[in-house]
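Asker: The structure that follows is given in the form of structure tokens.
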Amino acid sequence: MSRANVLIRRVALLVVVAMLFGGFASARPVRAENLGPGGGTRVIVGDEIVGPYRILFTSSPEPAQVGKVTFDVRLSDPKTDEKVRDAEVVVDLKHSETGATLSQAATHADAGNPTDYVAHLQLDQPGQWEGVLRVRGPAGSAELPFMQRVTPKRQLSTLVIAGAPFLVVLALLAGLWFARSGSRQKR
């Protein structure tokens, strides 16, 4: 057998093994993590002036799934760009179909810094949620309406269905490789 054939076989074997390990790794259940700003984050309002404040308003994870959704708010004075740290910030949500309501104060407690306000809401129903961000602070009040879409949690079956075509192709390639290698050894 020539060196080229041996090299091709080894490369093919490595590819098959790598694809097998990749297929098994993708079969694990996937969970959406609340990664906060910088990882899977949706910018609802990006440094826009709303009433007497400049507001940066994000939600995470993106896409939002049934479970905990984090809303992060940063307020500043549009004239001086000083951060507003002493406001009352509330996130109100209403499910557009069922009418279920949730309300949570956003505070500095879980924000990780003294500038941001964070609210963690447990959203147990998928669908459209109509939201309002309410701010009351030294410069006055502001309200910002927004929509939050929440998808059902991913199921393992969804991942298996998505990965099945790749596993079928992998099995066919492995079968062809083994069939070809077996017929060459008989010669």
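Within each chain, counting starts at residue 1; across the structure tokens, chains are named A, B, ... in the order shown, with ligands numbered 1 upward in that order.
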Using only C-alpha atoms, tabulate the residues of range 63-89 of chain A lying at most 8 Å from any atom of range 118-132 of chain A, each with its closest atom pair and that distance in Å to one decimal, by chain and increasing residue number, as CSV.

Answerer:
residue,atom,partner,partner_atom,distance
A:Gln65,CA,A:Pro126,CA,7.3
A:Val66,CA,A:Asp124,CA,5.2
A:Gly67,CA,A:Leu123,CA,5.2
A:Lys68,CA,A:Gln122,CA,4.4
A:Val69,CA,A:Leu121,CA,5.4
A:Thr70,CA,A:His120,CA,4.5
A:Phe71,CA,A:Ala119,CA,5.2
A:Asp72,CA,A:Val118,CA,4.6
A:Val73,CA,A:Val118,CA,6.3

Asker: Give me, as a PyMOL selection string, the residues of chain A that a backbone DSSP run labels strand (DSSP E).

Answerer: chain A and resi 42-50+53-60+67-76+88-95+101-106+117-123+127-137+140-150

Asker: Take CA of Val91 in chain A and CA of Gly140 in chain A and report the distance between them in Å, one decimal.

Answerer: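 Going from CA of Val91 in chain A over to CA of Gly140 in chain A covers 17.0 Å.
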
Asker: Write out as a VMD selection string which residues come within 7 Å of Val43 in chain A when counting only C-alpha atoms, dropping same-chain ones fewer than 3 positions away.

Answerer: chain A and resid 46 57 to 59

Asker: Those selected residues, please, written with C-alpha atoms and delivered as a PDB file, in the first residue's frame.

Answerer:
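File written: part-v2.pdb
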ATOM      1  CA  GLY A  46     -28.800  51.857  23.554  1.00  0.00           C
ATOM      2  CA  PHE A  57     -31.370  49.064  28.736  1.00  0.00           C
ATOM      3  CA  THR A  58     -30.567  45.410  27.985  1.00  0.00           C
ATOM      4  CA  SER A  59     -32.032  41.973  28.605  1.00  0.00           C
TER       5      SER A  59
END

Asker: Within range 1-186 of chain A, find each residue whose DSSP state, derived from the backbone, is helix (DSSP H, G or I), and express the selection as a VMD selection string.

Answerer: chain A and resid 3 to 26 156 to 186

Asker: Find, counting only C-alpha atoms, the residue in A:Leu20, A:Leu93, A:Ala105, A:Ile8 that gets nearest to Pro145 in chain A.

Answerer: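 Checking each candidate against Pro145 in chain A, we get A:Leu93 as the closest.
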
Asker: List the spatial neighbours of Thr115 in chain A as a PyMOL selection string - criterion: any atom at most 9 Å away, only C-alpha atoms, same-chain residues fewer than 5 positions off excluded.

Answerer: chain A and resi 73-75+83-85+108

Asker: Mind giving me the straight-line distance from CA of Arg42 in chain A to CA of Leu56 in chain A in Å, one decimal?

Answerer: 11.0 Å

Asker: Report, in Å to a single decimal, how far apart CA of Asp81 in chain A and CA of Ser103 in chain A are.

Answerer: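 Rounded to one decimal, the two atoms are 28.3 Å apart.
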